[in-house]
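Shown next, in structure tokens, is the structure this report addresses.
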Amino acid sequence: MISATLVVLSWLLIGSPLPLSLAIEGILTVALMSVLRYRFSHKTIALIGMMGLMLTQCIVIVFMIHFQVWQPLPHSGSNLPGAWLFQTLFRLNFPLAELGAAAAICIGIYIEFGRSRLNLSEAFPNVSFYEPTYDLVQTVKTLAKKANIECPDLSLVDSGAPSAFTVRTRGKYTIAVSIGLLESFENSEVEACIAHEISHIKNRDFALRSVVTVARIALFARLLSYLVETAFYRTRELLADRTAALLLGGAEPLIAALTKLQNAEVVGEPLAGGAICSFDGKKSVLELFSKHPNLGTRIRLLKEMEPVLT
């Protein structure tokens, strides 16, 4: 009973428990846990590696079954505990992998040629957008120049909730800032929120997130893929915080902005790959499934970074 439970649990997490796969994933997990505190780029590589390993495993299993490279032992001819269950789950990977691959291809095409080609009014039909002020446009231009990226478009959102987000529309990035953010925040804090969004563009988070999300869809039957995806999103948010602090020359404005955003509400759902400057101050086990790190964690890390940044 225990062996069967372990086989099912392993299969749900990572797929068929192949010894080589388990060894490599164990090494990646140790590497992920031991990287330096601020080495978010290293964490990104480790997380993508884990996702890639699971994808490779599925491809190998499909190849082995499709070309009859692997032949399961007859149930009656194996004395291994739970062998029949392992063989059944191993074969079940074939239809699940094919279904996941088909879904991933469809979603990838939809993201690239559907959602990302919409304009703001089409993406947010219930939200009104306005032309930004001159000072706000200059702030974006200055930060984009510091980040050495093409200056994104800017738009104001008719919302009293303080928030900022970035979307890719018609092949170009647009940063949307709510009127509530301008009314509630100091100029330095607004600049910090914009710097955070600029950092997502500089760090190519939209392309990376799309790749990881499509991979998770392909691995929809693997619980670990959901945890890896959310961990990847949280890591990129922390990296964007650090990059923004570097652009600003210090972490204090961003710390102040994050503190004020503790009870912020999101202005609708962003496009696929959108980055939202909205945070939850509560902490629980459900944070493992959250794409945004805990507010307290972000502020703590920024405070620890401050001596290094100044």
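Ordering of the structure tokens sets the chain letters (A, B, ...); residue numbers start at 1 within each chain; ligands are numbered from 1 in the order shown.
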Do you know which residues are at most 12 Å from Leu120 of chain A counting only C-alpha atoms, after dropping those on the same chain fewer than 3 positions away, and could you put them as a VMD selection string?
chain A and resid 115 to 117 123 to 130 153 to 157 165 to 170 172 to 176 268 to 271
Shell around Gly100 of chain A at 10 Å using only C-alpha atoms, local window under 5 positions removed, as a CSV table (one decimal) with C-alpha atoms, in the first residue's frame:
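Saved the output as result_9.csv:
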```
chain,number,residue,atom,x,y,z
A,94,PHE,CA,1.3,8.9,-23.5
A,95,PRO,CA,-2.3,10.4,-24.0
A,105,ILE,CA,0.5,24.7,-29.1
A,106,CYS,CA,-3.0,26.2,-29.2
A,214,VAL,CA,3.0,27.2,-22.2
A,215,ALA,CA,5.3,24.5,-20.7
A,216,ARG,CA,3.0,24.3,-17.6
A,217,ILE,CA,0.0,23.8,-19.9
A,218,ALA,CA,1.9,21.0,-21.7
A,219,LEU,CA,2.5,19.4,-18.2
A,220,PHE,CA,-1.0,20.1,-16.9
A,221,ALA,CA,-1.1,16.6,-15.3
```
Selection: 8 Å around Val190 of chain A, only C-alpha atoms, excl. self and same-chain fewer than 5 positions, as a list in words:
Leu181, Leu182, Phe185 and Ala257 of chain A
Which of segment 57-225 of chain A DSSP labels strand (DSSP E), written as a PyMOL selection string
chain A and resi 129-130+153-157+164-169+172-178
Please, could you write that set of residues out with C-alpha atoms as a PDB file, in the first residue's frame?
```
ATOM      1  CA  PHE A 129      -8.044  54.947 -20.781  1.00  0.00           C
ATOM      2  CA  TYR A 130      -6.768  58.537 -21.077  1.00  0.00           C
ATOM      3  CA  ASP A 153       3.817  53.580 -24.481  1.00  0.00           C
ATOM      4  CA  LEU A 154       2.000  55.017 -21.460  1.00  0.00           C
ATOM      5  CA  SER A 155      -1.678  55.308 -20.619  1.00  0.00           C
ATOM      6  CA  LEU A 156      -3.801  56.410 -17.672  1.00  0.00           C
ATOM      7  CA  VAL A 157      -6.473  54.091 -16.277  1.00  0.00           C
ATOM      8  CA  ALA A 164       0.144  49.849 -12.448  1.00  0.00           C
ATOM      9  CA  PHE A 165       0.586  47.087 -15.003  1.00  0.00           C
ATOM     10  CA  THR A 166       2.273  46.385 -18.301  1.00  0.00           C
ATOM     11  CA  VAL A 167       0.831  44.658 -21.349  1.00  0.00           C
ATOM     12  CA  ARG A 168       2.091  43.861 -24.823  1.00  0.00           C
ATOM     13  CA  THR A 169      -0.255  45.282 -27.410  1.00  0.00           C
ATOM     14  CA  LYS A 172       4.754  47.012 -28.302  1.00  0.00           C
ATOM     15  CA  TYR A 173       4.695  47.329 -24.526  1.00  0.00           C
ATOM     16  CA  THR A 174       2.296  49.693 -22.803  1.00  0.00           C
ATOM     17  CA  ILE A 175       2.497  50.722 -19.156  1.00  0.00           C
ATOM     18  CA  ALA A 176      -0.870  51.619 -17.642  1.00  0.00           C
ATOM     19  CA  VAL A 177      -1.009  53.706 -14.463  1.00  0.00           C
ATOM     20  CA  SER A 178      -4.233  54.256 -12.573  1.00  0.00           C
TER      21      SER A 178
END
```
